Every structure is written in structure tokens, then in C-alpha cells.
Number of protein chains: 2
Amino acid sequence: MPKNKADLLQGTLDMLILKALSLGELHGYGIIQRIRQLSDEMLSVEQGSLYPALYRIEQKGWVSARWDIHETGREAKFYKLTRSGRKQLETEEASWDRLCLAIAKVRQAT
Amino acid sequence: MPKNKADLLQGTLDMLILKALSLGELHGYGIIQRIRQLSDEMLSVEQGSLYPALYRIEQKGWVSARWDIHETGREAKFYKLTRSGRKQLETEEASWDRLCLAIAKVRQAT
DNA sequence: GTATGATGCCTACCGTTTCTAGGTATCGTG
DNA sequence: CACGATACCTAGAAACGGTAGGCATCATAC
């Protein structure tokens, strides 16, 4: 059980993964690191969340995957954003903006 | 099944309920209306989400409830934020801010 | 007068999401 | 050689919010 809500990604996992991949092809483990790094260590995606998510995202055609060997000489599965994935990222970002705006409006109320 | 993510509250339901009640005592159905109105119709909490949430929130001591008759002459269950609930609201708002900030950082990346 | 929609409460069940907790293997470093 | 980091994966469970139903009252429209 997650300790507190701040640790939860609350529906943003797909968007984060797509965003991470929009900066360039990457393998699974690297996605986790990139998200953690970009968020100043505030977000940490668990492996148990990531891999099923990647599978799901691949099924939807938002990323394509291939096995390759990266510079360290190790094998890894590389994911690349597809055109459809880029579109999905935009959609999810718009939804997120919309949600944030709506929440902000409620919170503004006095 | 929810049509799209924009419709989802993504973990903010409790915060929204507490916020709505922070503006004054209110009955269940009224909470739904207040949230919808404050968010400019962008957020709509379903009854099937609200009532179980209110029960849960009451169990945690964040709100107190009493049956009463409101101005229209109808009976309704009125909920009031407790001191503990006000504290919880602050906590949840801080978590939300933290999440938004983290997401924003990732999204800024080029 | 009665049908209908809004108000008002509730429950049971379901789908999605993300977590925890495990497993496997390789690599570099102390 | 042990150990942590890297790299992949799955199973199971918890949390959350939705759908879909039920019940009752009230005002309005037909």
C-alpha cells in the first residue's frame, strides 16, 4: 500500500512514459531513470508499473519496440514513440492541463 | 467505462469533497453540484463515487454528518468539515501541488 | 392525474491503474 | 566472491472511481 498520495502517479504514467520517449528512443529501465531525473527525484516509476504499461502502450501502437545492444554492451529492449504515440501524448497533456485547470478553479473558491 | 482521462478525477476526489465542505456545511447532493459549478462544469462527481467516498471520509473523522431539513423543506444529510478534515485538506492540497510541480518539470524537458 | 426529471440517499459490482513482491540474469566494483 | 546496479518480466492485490441499479420525494409539464 502506497504510504501517501504524493507517491502516486495518479493516471499520469502513460503520459510520463510517452513524454520520456519523446526526447528520444530509450529502453525500459532508462525510462524510469529519465523520469526520476527530469522530475528532480520527485517521481519514481516502479518496475512493476512500467513494464505492464509499456506492453499496454505497445499494444495500442503508441510505441514500437526492438531488442538491441546499447553502448554499455548490454542487451535491452528499446522503445520508440510512433506518430500515433506523439498524438496520444498531446491528447494526454491536454487532458492533464484541463484537469489541473478545473482543480485550480475549485481550489480558488473562497 | 469512462470515455477518456479528462473525465477522471485521478485521486483528487477526497480533496475536492473536503474543499467543497471547507466553504460551508453541505449535503451530499449539494457537494456534487458545488464541485461542478466551481469547476465551470468541467468536473462531475458521480453519485456512485460520492456516497461511498463520504462514508469513507466520515469514518476517518474528516467530516461529521447529521440529518437535517434544508430550506426547501426536504430531508438531507449534512456534512461538516472537522478540524482534522481541514488538516487533511491541507495535506492533500500540498500533495497535489507537489505532483503538479513534478509533472510540470518532466513536461518542460526538451 | 400522471409522467418525467430533478433532487436526495444508497449499494453491488466492475474495469483500470499502479503498487508490492517476487523471479531471472548480467555486469562492475570492492 | 558478494553485492548493488542494471535489465527484463509476472502474479496478485489494493485503491479508486465509474456504471447500473434501487428507493423516495417534489415540481412541472402534458
# chains A, B, ... in the order shown; residues from 1 in each chain; ligands from 1
>>> closest_atom_pairs(of="chain C", to="chain B", cutoff="10 Å", atoms="only C-alpha atoms (C1' of nucleotides)", output="CSV")
residue,atom,partner,partner_atom,distance
C:DT7,C1',B:Tyr29,CA,7.7
C:DG8,C1',B:Tyr29,CA,6.4
C:DC9,C1',B:Ala76,CA,8.0
C:DC10,C1',B:Tyr51,CA,7.5
C:DT11,C1',B:Gly48,CA,8.8
C:DC14,C1',B:Met1,CA,8.9
C:DG15,C1',B:Met1,CA,6.7
C:DT16,C1',B:Met1,CA,8.7
C:DT17,C1',B:Gln10,CA,10.0
>>> calpha_fit_and_write(fixed="chain B", moving="chain A", output="compact mmCIF listing (two decimals) with C-alpha atoms, in the first residue's frame")
# COMPACT_ATOMS: atom_id res chain seq x y z
CA MET A 1 -15.74 2.46 -18.72
CA PRO A 2 -14.91 6.17 -18.70
CA LYS A 3 -14.48 7.49 -22.23
CA ASN A 4 -11.30 9.42 -21.61
CA LYS A 5 -8.96 10.42 -18.90
CA ALA A 6 -10.19 13.98 -18.82
CA ASP A 7 -13.35 12.71 -17.20
CA LEU A 8 -11.51 11.02 -14.40
CA LEU A 9 -10.84 12.66 -11.10
CA GLN A 10 -7.62 10.76 -10.70
CA GLY A 11 -7.31 10.66 -6.99
CA THR A 12 -8.56 14.15 -6.31
CA LEU A 13 -12.05 13.23 -5.17
CA ASP A 14 -11.34 13.45 -1.45
CA MET A 15 -9.61 16.77 -1.86
CA LEU A 16 -12.51 18.15 -3.88
CA ILE A 17 -15.07 17.01 -1.35
CA LEU A 18 -13.10 18.47 1.54
CA LYS A 19 -12.62 21.68 -0.38
CA ALA A 20 -16.31 21.93 -1.15
CA LEU A 21 -17.11 21.47 2.52
CA SER A 22 -14.50 24.00 3.56
CA LEU A 23 -16.76 26.64 2.03
CA GLY A 24 -19.55 25.62 4.38
CA GLU A 25 -21.69 22.76 5.57
CA LEU A 26 -23.44 20.94 2.77
CA HIS A 27 -25.38 17.80 1.97
CA GLY A 28 -24.16 15.09 -0.37
CA TYR A 29 -26.06 16.02 -3.49
CA GLY A 30 -25.10 19.63 -2.95
CA ILE A 31 -21.43 18.71 -2.91
CA ILE A 32 -21.74 17.35 -6.42
CA GLN A 33 -23.41 20.53 -7.58
CA ARG A 34 -20.91 22.77 -5.86
CA ILE A 35 -17.95 21.00 -7.41
CA ARG A 36 -19.52 21.09 -10.84
CA GLN A 37 -20.33 24.73 -10.52
CA LEU A 38 -16.96 25.81 -9.12
CA SER A 39 -15.13 23.95 -11.87
CA ASP A 40 -17.20 25.60 -14.61
CA GLU A 41 -18.89 22.28 -15.40
CA MET A 42 -15.54 20.63 -16.06
CA LEU A 43 -15.69 18.21 -13.16
CA SER A 44 -18.65 16.02 -12.48
CA VAL A 45 -18.59 13.73 -9.49
CA GLU A 46 -20.88 10.73 -9.89
CA GLN A 47 -23.21 9.73 -7.10
CA GLY A 48 -21.72 6.27 -7.12
CA SER A 49 -18.38 7.85 -6.36
CA LEU A 50 -19.54 10.43 -3.88
CA TYR A 51 -21.55 8.48 -1.35
CA PRO A 52 -18.99 5.76 -0.74
CA ALA A 53 -16.34 8.46 -0.54
CA LEU A 54 -18.33 10.40 2.04
CA TYR A 55 -18.72 7.27 4.10
CA ARG A 56 -15.01 6.60 3.92
CA ILE A 57 -14.18 10.20 4.77
CA GLU A 58 -16.56 10.20 7.69
CA GLN A 59 -14.96 7.01 9.03
CA LYS A 60 -11.63 8.78 8.98
CA GLY A 61 -13.07 11.60 11.01
CA TRP A 62 -12.57 14.29 8.41
CA VAL A 63 -16.24 15.18 8.32
CA SER A 64 -19.15 14.86 10.69
CA ALA A 65 -22.64 14.15 9.45
CA ARG A 66 -26.13 14.86 10.69
CA TRP A 67 -29.59 14.59 9.22
CA ASP A 68 -31.45 17.82 8.90
CA ILE A 69 -34.10 19.56 6.90
CA HIS A 70 -32.87 22.27 4.59
CA GLU A 71 -34.59 25.38 3.35
CA THR A 72 -36.50 23.55 0.64
CA GLY A 73 -38.14 21.46 3.34
CA ARG A 74 -36.51 18.23 2.27
CA GLU A 75 -34.50 15.94 4.47
CA ALA A 76 -30.85 15.61 3.72
CA LYS A 77 -27.66 14.48 5.37
CA PHE A 78 -25.42 17.42 6.08
CA TYR A 79 -21.67 17.11 6.22
CA LYS A 80 -19.34 19.43 8.02
CA LEU A 81 -15.57 19.61 7.86
CA THR A 82 -13.88 18.74 11.15
CA ARG A 83 -10.62 20.21 12.36
CA SER A 84 -8.93 17.00 11.30
CA GLY A 85 -10.59 17.30 7.91
CA ARG A 86 -9.26 20.80 7.45
CA LYS A 87 -5.80 19.50 8.18
CA GLN A 88 -6.30 16.67 5.71
CA LEU A 89 -7.38 19.15 3.06
CA GLU A 90 -4.14 21.03 3.50
CA THR A 91 -2.17 17.83 3.24
CA GLU A 92 -3.94 16.75 0.09
CA GLU A 93 -3.55 20.15 -1.49
CA ALA A 94 0.16 20.07 -0.77
CA SER A 95 0.45 16.61 -2.29
CA TRP A 96 -1.42 17.73 -5.35
CA ASP A 97 0.82 20.77 -5.74
CA ARG A 98 3.82 18.53 -5.41
CA LEU A 99 2.55 16.17 -8.05
CA CYS A 100 1.72 19.00 -10.44
CA LEU A 101 5.15 20.49 -9.95
CA ALA A 102 6.87 17.18 -10.60
CA ILE A 103 4.80 16.53 -13.71
CA ALA A 104 5.50 20.04 -14.94
CA LYS A 105 9.21 19.50 -14.53
CA VAL A 106 9.11 16.36 -16.64
CA ARG A 107 7.01 18.07 -19.26
CA GLN A 108 9.36 21.04 -19.47
CA ALA A 109 12.20 18.80 -20.59
CA THR A 110 13.34 19.18 -24.15
>>> closest_residue(among="D:DA2, D:DA13, D:DA29, D:DC8", to="DT4 of chain C", atoms="only C-alpha atoms (C1' of nucleotides)")
D:DA29
>>> select_by_dssp(residues="chain A", states="strand (DSSP E)", output="tab-separated table (two decimals) with N, CA and C atoms, in the first residue's frame")
chain	number	residue	atom	x	y	z
A	26	LEU	N	14.56	4.93	-26.11
A	26	LEU	CA	15.07	4.57	-24.79
A	26	LEU	C	14.61	3.18	-24.42
A	27	HIS	N	15.35	2.51	-23.55
A	27	HIS	CA	14.90	1.20	-23.08
A	27	HIS	C	14.15	1.38	-21.77
A	63	VAL	N	3.96	3.06	-29.18
A	63	VAL	CA	5.42	2.89	-29.25
A	63	VAL	C	5.73	1.62	-30.05
A	64	SER	N	6.92	1.60	-30.60
A	64	SER	CA	7.39	0.37	-31.23
A	64	SER	C	8.63	-0.07	-30.46
A	65	ALA	N	8.82	-1.37	-30.40
A	65	ALA	CA	9.92	-1.90	-29.60
A	65	ALA	C	10.84	-2.75	-30.44
A	66	ARG	N	12.10	-2.76	-30.07
A	66	ARG	CA	13.06	-3.67	-30.71
A	66	ARG	C	14.17	-3.95	-29.71
A	67	TRP	N	14.71	-5.16	-29.81
A	67	TRP	CA	15.84	-5.52	-28.96
A	67	TRP	C	17.11	-5.03	-29.61
A	68	ASP	N	17.97	-4.50	-28.78
A	68	ASP	CA	19.24	-4.02	-29.32
A	68	ASP	C	20.29	-4.04	-28.21
A	69	ILE	N	21.50	-3.74	-28.61
A	69	ILE	CA	22.57	-3.70	-27.62
A	69	ILE	C	22.98	-2.24	-27.49
A	75	GLU	N	22.24	-6.08	-23.57
A	75	GLU	CA	21.01	-6.15	-24.34
A	75	GLU	C	19.89	-5.42	-23.62
A	76	ALA	N	19.06	-4.79	-24.41
A	76	ALA	CA	17.92	-4.10	-23.81
A	76	ALA	C	16.86	-3.91	-24.88
A	77	LYS	N	15.65	-3.72	-24.43
A	77	LYS	CA	14.54	-3.54	-25.36
A	77	LYS	C	14.29	-2.05	-25.51
A	78	PHE	N	14.48	-1.56	-26.72
A	78	PHE	CA	14.35	-0.13	-26.95
A	78	PHE	C	12.98	0.24	-27.47
A	79	TYR	N	12.45	1.29	-26.91
A	79	TYR	CA	11.12	1.76	-27.29
A	79	TYR	C	11.24	3.10	-27.99
A	80	LYS	N	10.38	3.25	-28.99
A	80	LYS	CA	10.41	4.47	-29.79
A	80	LYS	C	8.98	4.96	-29.96
A	81	LEU	N	8.80	6.24	-29.81
A	81	LEU	CA	7.48	6.83	-29.97
A	81	LEU	C	7.05	6.76	-31.43
>>> interface_residues(of="chain D", to="chain A", cutoff="10 Å", atoms="only C-alpha atoms (C1' of nucleotides)", output="MDAnalysis selection string")
chainID D and resid 6:10 13:16
>>> residues_around(residues="DG5 of chain C", least_positions_apart="5", cutoff="12 Å", atoms="only C-alpha atoms (C1' of nucleotides)", output="list in words")
DC26, DA27, DT28 and DA29 of chain D
>>> atom_distance(atom1="atom C1' of DG22 of chain D", atom2="atom C1' of DA3 of chain C")
19.2 Å
>>> closest_residue(among="C:DT24, C:DT29, C:DT18, C:DT2", to="DC3 of chain D", atoms="only C-alpha atoms (C1' of nucleotides)")
C:DT29
>>> atom_distance(atom1="atom C1' of DC13 of chain C", atom2="atom C1' of DC23 of chain D")
18.6 Å
>>> decode(residues="chain D", atoms="N, CA and C atoms (P, O5', C5', C4', C3', O3' and C1' of nucleotides)", output="PDB file, in the first residue's frame")
ATOM      1  P    DC D   1      33.762 -17.811  -6.342  1.00  0.00           P
ATOM      2  O5'  DC D   1      33.262 -17.689  -4.827  1.00  0.00           O
ATOM      3  C5'  DC D   1      34.163 -16.976  -3.977  1.00  0.00           C
ATOM      4  C4'  DC D   1      33.468 -15.736  -3.419  1.00  0.00           C
ATOM      5  C3'  DC D   1      31.973 -15.624  -3.740  1.00  0.00           C
ATOM      6  O3'  DC D   1      31.306 -15.151  -2.578  1.00  0.00           O
ATOM      7  C1'  DC D   1      33.061 -13.669  -4.449  1.00  0.00           C
ATOM      8  P    DA D   2      29.782 -15.629  -2.360  1.00  0.00           P
ATOM      9  O5'  DA D   2      29.267 -14.339  -1.576  1.00  0.00           O
ATOM     10  C5'  DA D   2      30.185 -13.602  -0.761  1.00  0.00           C
ATOM     11  C4'  DA D   2      29.844 -12.119  -0.805  1.00  0.00           C
ATOM     12  C3'  DA D   2      28.343 -11.820  -0.909  1.00  0.00           C
ATOM     13  O3'  DA D   2      28.043 -10.737  -0.059  1.00  0.00           O
ATOM     14  C1'  DA D   2      29.477 -10.804  -2.717  1.00  0.00           C
ATOM     15  P    DC D   3      26.498 -10.405   0.305  1.00  0.00           P
ATOM     16  O5'  DC D   3      26.401  -8.858  -0.057  1.00  0.00           O
ATOM     17  C5'  DC D   3      27.570  -8.117  -0.428  1.00  0.00           C
ATOM     18  C4'  DC D   3      27.200  -7.011  -1.393  1.00  0.00           C
ATOM     19  C3'  DC D   3      25.676  -6.786  -1.569  1.00  0.00           C
ATOM     20  O3'  DC D   3      25.418  -5.402  -1.539  1.00  0.00           O
ATOM     21  C1'  DC D   3      26.684  -7.133  -3.669  1.00  0.00           C
ATOM     22  P    DG D   4      23.925  -4.900  -1.247  1.00  0.00           P
ATOM     23  O5'  DG D   4      23.818  -3.663  -2.249  1.00  0.00           O
ATOM     24  C5'  DG D   4      24.971  -2.827  -2.460  1.00  0.00           C
ATOM     25  C4'  DG D   4      24.939  -2.274  -3.874  1.00  0.00           C
ATOM     26  C3'  DG D   4      23.553  -1.798  -4.333  1.00  0.00           C
ATOM     27  O3'  DG D   4      23.714  -0.569  -5.017  1.00  0.00           O
ATOM     28  C1'  DG D   4      24.384  -3.377  -5.865  1.00  0.00           C
ATOM     29  P    DA D   5      22.468   0.285  -5.426  1.00  0.00           P
ATOM     30  O5'  DA D   5      22.583   0.319  -7.006  1.00  0.00           O
ATOM     31  C5'  DA D   5      23.817   0.722  -7.609  1.00  0.00           C
ATOM     32  C4'  DA D   5      23.819   0.315  -9.066  1.00  0.00           C
ATOM     33  C3'  DA D   5      22.548   0.706  -9.839  1.00  0.00           C
ATOM     34  O3'  DA D   5      22.935   1.409 -11.011  1.00  0.00           O
ATOM     35  C1'  DA D   5      23.040  -1.604 -10.142  1.00  0.00           C
ATOM     36  P    DT D   6      21.846   2.005 -11.984  1.00  0.00           P
ATOM     37  O5'  DT D   6      21.661   0.836 -13.070  1.00  0.00           O
ATOM     38  C5'  DT D   6      22.767   0.486 -13.883  1.00  0.00           C
ATOM     39  C4'  DT D   6      22.459  -0.755 -14.686  1.00  0.00           C
ATOM     40  C3'  DT D   6      21.239  -0.639 -15.623  1.00  0.00           C
ATOM     41  O3'  DT D   6      21.685  -0.908 -16.928  1.00  0.00           O
ATOM     42  C1'  DT D   6      21.204  -2.678 -14.434  1.00  0.00           C
ATOM     43  P    DA D   7      20.871  -0.492 -18.200  1.00  0.00           P
ATOM     44  O5'  DA D   7      19.648  -1.506 -18.209  1.00  0.00           O
ATOM     45  C5'  DA D   7      19.648  -2.597 -19.121  1.00  0.00           C
ATOM     46  C4'  DA D   7      18.648  -3.661 -18.749  1.00  0.00           C
ATOM     47  C3'  DA D   7      17.166  -3.291 -18.751  1.00  0.00           C
ATOM     48  O3'  DA D   7      16.630  -3.356 -20.064  1.00  0.00           O
ATOM     49  C1'  DA D   7      17.760  -5.049 -17.207  1.00  0.00           C
ATOM     50  P    DC D   8      15.070  -3.062 -20.265  1.00  0.00           P
ATOM     51  O5'  DC D   8      14.394  -4.462 -19.880  1.00  0.00           O
ATOM     52  C5'  DC D   8      14.484  -5.549 -20.794  1.00  0.00           C
ATOM     53  C4'  DC D   8      13.943  -6.800 -20.153  1.00  0.00           C
ATOM     54  C3'  DC D   8      12.449  -6.795 -19.908  1.00  0.00           C
ATOM     55  O3'  DC D   8      11.757  -7.291 -21.046  1.00  0.00           O
ATOM     56  C1'  DC D   8      13.664  -7.815 -18.102  1.00  0.00           C
ATOM     57  P    DC D   9      10.179  -7.092 -21.170  1.00  0.00           P
ATOM     58  O5'  DC D   9       9.564  -8.019 -20.032  1.00  0.00           O
ATOM     59  C5'  DC D   9       9.735  -9.427 -20.107  1.00  0.00           C
ATOM     60  C4'  DC D   9       9.259 -10.089 -18.828  1.00  0.00           C
ATOM     61  C3'  DC D   9       7.813  -9.819 -18.442  1.00  0.00           C
ATOM     62  O3'  DC D   9       6.975 -10.750 -19.125  1.00  0.00           O
ATOM     63  C1'  DC D   9       9.262  -9.971 -16.528  1.00  0.00           C
ATOM     64  P    DT D  10       5.402 -10.706 -18.942  1.00  0.00           P
ATOM     65  O5'  DT D  10       5.091 -11.407 -17.553  1.00  0.00           O
ATOM     66  C5'  DT D  10       5.603 -12.695 -17.257  1.00  0.00           C
ATOM     67  C4'  DT D  10       5.100 -13.093 -15.881  1.00  0.00           C
ATOM     68  C3'  DT D  10       3.604 -12.910 -15.701  1.00  0.00           C
ATOM     69  O3'  DT D  10       3.051 -14.133 -15.247  1.00  0.00           O
ATOM     70  C1'  DT D  10       4.799 -11.801 -13.951  1.00  0.00           C
ATOM     71  P    DA D  11       1.505 -14.332 -15.100  1.00  0.00           P
ATOM     72  O5'  DA D  11       1.316 -14.213 -13.523  1.00  0.00           O
ATOM     73  C5'  DA D  11       2.248 -14.863 -12.653  1.00  0.00           C
ATOM     74  C4'  DA D  11       1.801 -14.686 -11.220  1.00  0.00           C
ATOM     75  C3'  DA D  11       0.290 -14.623 -11.034  1.00  0.00           C
ATOM     76  O3'  DA D  11      -0.046 -15.253  -9.804  1.00  0.00           O
ATOM     77  C1'  DA D  11       1.251 -12.566 -10.346  1.00  0.00           C
ATOM     78  P    DG D  12      -1.571 -15.513  -9.416  1.00  0.00           P
ATOM     79  O5'  DG D  12      -1.810 -14.373  -8.322  1.00  0.00           O
ATOM     80  C5'  DG D  12      -0.940 -14.285  -7.191  1.00  0.00           C
ATOM     81  C4'  DG D  12      -1.203 -13.007  -6.458  1.00  0.00           C
ATOM     82  C3'  DG D  12      -2.689 -12.714  -6.223  1.00  0.00           C
ATOM     83  O3'  DG D  12      -2.890 -12.532  -4.830  1.00  0.00           O
ATOM     84  C1'  DG D  12      -1.584 -10.818  -7.125  1.00  0.00           C
ATOM     85  P    DA D  13      -4.345 -12.280  -4.249  1.00  0.00           P
ATOM     86  O5'  DA D  13      -4.239 -10.752  -3.786  1.00  0.00           O
ATOM     87  C5'  DA D  13      -3.065 -10.317  -3.091  1.00  0.00           C
ATOM     88  C4'  DA D  13      -3.094  -8.811  -2.988  1.00  0.00           C
ATOM     89  C3'  DA D  13      -4.463  -8.244  -2.605  1.00  0.00           C
ATOM     90  O3'  DA D  13      -4.277  -7.228  -1.653  1.00  0.00           O
ATOM     91  C1'  DA D  13      -3.706  -7.229  -4.593  1.00  0.00           C
ATOM     92  P    DA D  14      -5.506  -6.850  -0.698  1.00  0.00           P
ATOM     93  O5'  DA D  14      -5.314  -5.271  -0.622  1.00  0.00           O
ATOM     94  C5'  DA D  14      -4.006  -4.716  -0.723  1.00  0.00           C
ATOM     95  C4'  DA D  14      -4.095  -3.349  -1.349  1.00  0.00           C
ATOM     96  C3'  DA D  14      -5.340  -2.561  -0.923  1.00  0.00           C
ATOM     97  O3'  DA D  14      -4.925  -1.273  -0.554  1.00  0.00           O
ATOM     98  C1'  DA D  14      -5.196  -2.654  -3.291  1.00  0.00           C
ATOM     99  P    DA D  15      -5.964  -0.341   0.220  1.00  0.00           P
ATOM    100  O5'  DA D  15      -6.228   0.759  -0.891  1.00  0.00           O
ATOM    101  C5'  DA D  15      -5.118   1.239  -1.650  1.00  0.00           C
ATOM    102  C4'  DA D  15      -5.637   2.085  -2.781  1.00  0.00           C
ATOM    103  C3'  DA D  15      -6.903   2.868  -2.418  1.00  0.00           C
ATOM    104  O3'  DA D  15      -6.686   4.220  -2.757  1.00  0.00           O
ATOM    105  C1'  DA D  15      -7.221   1.642  -4.433  1.00  0.00           C
ATOM    106  P    DC D  16      -7.756   5.305  -2.290  1.00  0.00           P
ATOM    107  O5'  DC D  16      -8.462   5.615  -3.663  1.00  0.00           O
ATOM    108  C5'  DC D  16      -7.657   5.777  -4.838  1.00  0.00           C
ATOM    109  C4'  DC D  16      -8.558   5.723  -6.040  1.00  0.00           C
ATOM    110  C3'  DC D  16      -9.887   6.437  -5.822  1.00  0.00           C
ATOM    111  O3'  DC D  16      -9.859   7.650  -6.555  1.00  0.00           O
ATOM    112  C1'  DC D  16     -10.141   4.339  -6.975  1.00  0.00           C
ATOM    113  P    DG D  17     -10.989   8.744  -6.354  1.00  0.00           P
ATOM    114  O5'  DG D  17     -12.000   8.364  -7.516  1.00  0.00           O
ATOM    115  C5'  DG D  17     -11.524   8.373  -8.854  1.00  0.00           C
ATOM    116  C4'  DG D  17     -12.498   7.658  -9.745  1.00  0.00           C
ATOM    117  C3'  DG D  17     -13.931   8.214  -9.668  1.00  0.00           C
ATOM    118  O3'  DG D  17     -14.383   8.518 -10.970  1.00  0.00           O
ATOM    119  C1'  DG D  17     -13.913   5.858  -9.411  1.00  0.00           C
ATOM    120  P    DG D  18     -15.798   9.185 -11.211  1.00  0.00           P
ATOM    121  O5'  DG D  18     -16.540   8.107 -12.126  1.00  0.00           O
ATOM    122  C5'  DG D  18     -15.892   7.691 -13.331  1.00  0.00           C
ATOM    123  C4'  DG D  18     -16.477   6.382 -13.790  1.00  0.00           C
ATOM    124  C3'  DG D  18     -17.992   6.424 -13.953  1.00  0.00           C
ATOM    125  O3'  DG D  18     -18.344   6.355 -15.322  1.00  0.00           O
ATOM    126  C1'  DG D  18     -17.299   4.509 -12.666  1.00  0.00           C
ATOM    127  P    DT D  19     -19.884   6.573 -15.712  1.00  0.00           P
ATOM    128  O5'  DT D  19     -20.487   5.088 -15.704  1.00  0.00           O
ATOM    129  C5'  DT D  19     -19.803   4.016 -16.317  1.00  0.00           C
ATOM    130  C4'  DT D  19     -20.602   2.732 -16.122  1.00  0.00           C
ATOM    131  C3'  DT D  19     -22.088   2.869 -16.410  1.00  0.00           C
ATOM    132  O3'  DT D  19     -22.512   1.708 -17.123  1.00  0.00           O
ATOM    133  C1'  DT D  19     -21.782   2.098 -14.193  1.00  0.00           C
ATOM    134  P    DA D  20     -23.958   1.666 -17.797  1.00  0.00           P
ATOM    135  O5'  DA D  20     -24.832   0.980 -16.664  1.00  0.00           O
ATOM    136  C5'  DA D  20     -24.356  -0.231 -16.061  1.00  0.00           C
ATOM    137  C4'  DA D  20     -25.302  -0.631 -14.947  1.00  0.00           C
ATOM    138  C3'  DA D  20     -26.754  -0.195 -15.176  1.00  0.00           C
ATOM    139  O3'  DA D  20     -27.617  -1.274 -14.890  1.00  0.00           O
ATOM    140  C1'  DA D  20     -26.031   0.491 -13.047  1.00  0.00           C
ATOM    141  P    DG D  21     -29.105  -1.292 -15.440  1.00  0.00           P
ATOM    142  O5'  DG D  21     -29.938  -1.021 -14.116  1.00  0.00           O
ATOM    143  C5'  DG D  21     -30.248  -2.159 -13.339  1.00  0.00           C
ATOM    144  C4'  DG D  21     -30.097  -1.863 -11.870  1.00  0.00           C
ATOM    145  C3'  DG D  21     -31.311  -1.208 -11.231  1.00  0.00           C
ATOM    146  O3'  DG D  21     -32.329  -2.141 -11.018  1.00  0.00           O
ATOM    147  C1'  DG D  21     -29.262  -0.440 -10.282  1.00  0.00           C
ATOM    148  P    DG D  22     -33.849  -1.700 -10.884  1.00  0.00           P
ATOM    149  O5'  DG D  22     -34.086  -1.626  -9.318  1.00  0.00           O
ATOM    150  C5'  DG D  22     -33.146  -2.189  -8.405  1.00  0.00           C
ATOM    151  C4'  DG D  22     -33.295  -1.503  -7.069  1.00  0.00           C
ATOM    152  C3'  DG D  22     -34.633  -0.790  -6.907  1.00  0.00           C
ATOM    153  O3'  DG D  22     -35.390  -1.293  -5.817  1.00  0.00           O
ATOM    154  C1'  DG D  22     -32.817   0.649  -6.307  1.00  0.00           C
ATOM    155  P    DC D  23     -36.955  -0.876  -5.721  1.00  0.00           P
ATOM    156  O5'  DC D  23     -36.867   0.402  -4.766  1.00  0.00           O
ATOM    157  C5'  DC D  23     -36.373   0.272  -3.430  1.00  0.00           C
ATOM    158  C4'  DC D  23     -36.347   1.649  -2.794  1.00  0.00           C
ATOM    159  C3'  DC D  23     -37.671   2.406  -2.974  1.00  0.00           C
ATOM    160  O3'  DC D  23     -38.335   2.608  -1.733  1.00  0.00           O
ATOM    161  C1'  DC D  23     -35.774   3.790  -3.435  1.00  0.00           C
ATOM    162  P    DA D  24     -39.915   3.036  -1.776  1.00  0.00           P
ATOM    163  O5'  DA D  24     -39.829   4.607  -1.520  1.00  0.00           O
ATOM    164  C5'  DA D  24     -39.109   5.109  -0.396  1.00  0.00           C
ATOM    165  C4'  DA D  24     -38.926   6.593  -0.574  1.00  0.00           C
ATOM    166  C3'  DA D  24     -40.209   7.321  -1.007  1.00  0.00           C
ATOM    167  O3'  DA D  24     -40.652   8.163   0.036  1.00  0.00           O
ATOM    168  C1'  DA D  24     -38.300   8.045  -2.252  1.00  0.00           C
ATOM    169  P    DT D  25     -42.088   8.928  -0.151  1.00  0.00           P
ATOM    170  O5'  DT D  25     -41.600  10.386  -0.567  1.00  0.00           O
ATOM    171  C5'  DT D  25     -40.679  11.094   0.267  1.00  0.00           C
ATOM    172  C4'  DT D  25     -40.241  12.347  -0.463  1.00  0.00           C
ATOM    173  C3'  DT D  25     -41.400  13.285  -0.853  1.00  0.00           C
ATOM    174  O3'  DT D  25     -41.103  14.584  -0.386  1.00  0.00           O
ATOM    175  C1'  DT D  25     -39.972  12.880  -2.703  1.00  0.00           C
ATOM    176  P    DC D  26     -42.347  15.623  -0.193  1.00  0.00           P
ATOM    177  O5'  DC D  26     -42.164  16.583  -1.454  1.00  0.00           O
ATOM    178  C5'  DC D  26     -40.940  17.320  -1.605  1.00  0.00           C
ATOM    179  C4'  DC D  26     -40.830  17.812  -3.030  1.00  0.00           C
ATOM    180  C3'  DC D  26     -42.064  18.549  -3.560  1.00  0.00           C
ATOM    181  O3'  DC D  26     -41.744  19.929  -3.693  1.00  0.00           O
ATOM    182  C1'  DC D  26     -41.132  17.044  -5.184  1.00  0.00           C
ATOM    183  P    DA D  27     -42.972  20.977  -4.042  1.00  0.00           P
ATOM    184  O5'  DA D  27     -42.625  21.354  -5.549  1.00  0.00           O
ATOM    185  C5'  DA D  27     -41.266  21.562  -5.923  1.00  0.00           C
ATOM    186  C4'  DA D  27     -41.159  21.706  -7.432  1.00  0.00           C
ATOM    187  C3'  DA D  27     -42.279  22.543  -8.075  1.00  0.00           C
ATOM    188  O3'  DA D  27     -41.697  23.361  -9.071  1.00  0.00           O
ATOM    189  C1'  DA D  27     -42.291  20.348  -9.003  1.00  0.00           C
ATOM    190  P    DT D  28     -42.585  24.490  -9.844  1.00  0.00           P
ATOM    191  O5'  DT D  28     -42.696  23.824 -11.300  1.00  0.00           O
ATOM    192  C5'  DT D  28     -41.526  23.221 -11.877  1.00  0.00           C
ATOM    193  C4'  DT D  28     -41.927  22.427 -13.121  1.00  0.00           C
ATOM    194  C3'  DT D  28     -43.010  23.092 -13.982  1.00  0.00           C
ATOM    195  O3'  DT D  28     -42.569  23.101 -15.327  1.00  0.00           O
ATOM    196  C1'  DT D  28     -43.593  20.843 -13.532  1.00  0.00           C
ATOM    197  P    DA D  29     -43.347  24.000 -16.478  1.00  0.00           P
ATOM    198  O5'  DA D  29     -43.538  22.919 -17.629  1.00  0.00           O
ATOM    199  C5'  DA D  29     -42.685  21.745 -17.659  1.00  0.00           C
ATOM    200  C4'  DA D  29     -43.386  20.631 -18.405  1.00  0.00           C
ATOM    201  C3'  DA D  29     -44.403  21.122 -19.430  1.00  0.00           C
ATOM    202  O3'  DA D  29     -44.335  20.273 -20.572  1.00  0.00           O
ATOM    203  C1'  DA D  29     -45.494  19.737 -17.875  1.00  0.00           C
ATOM    204  P    DC D  30     -44.999  20.772 -21.971  1.00  0.00           P
ATOM    205  O5'  DC D  30     -45.898  19.531 -22.385  1.00  0.00           O
ATOM    206  C5'  DC D  30     -45.470  18.182 -22.084  1.00  0.00           C
ATOM    207  C4'  DC D  30     -46.699  17.288 -21.948  1.00  0.00           C
ATOM    208  C3'  DC D  30     -47.839  17.635 -22.899  1.00  0.00           C
ATOM    209  O3'  DC D  30     -48.214  16.492 -23.655  1.00  0.00           O
ATOM    210  C1'  DC D  30     -48.642  17.352 -20.677  1.00  0.00           C
TER     211       DC D  30
END
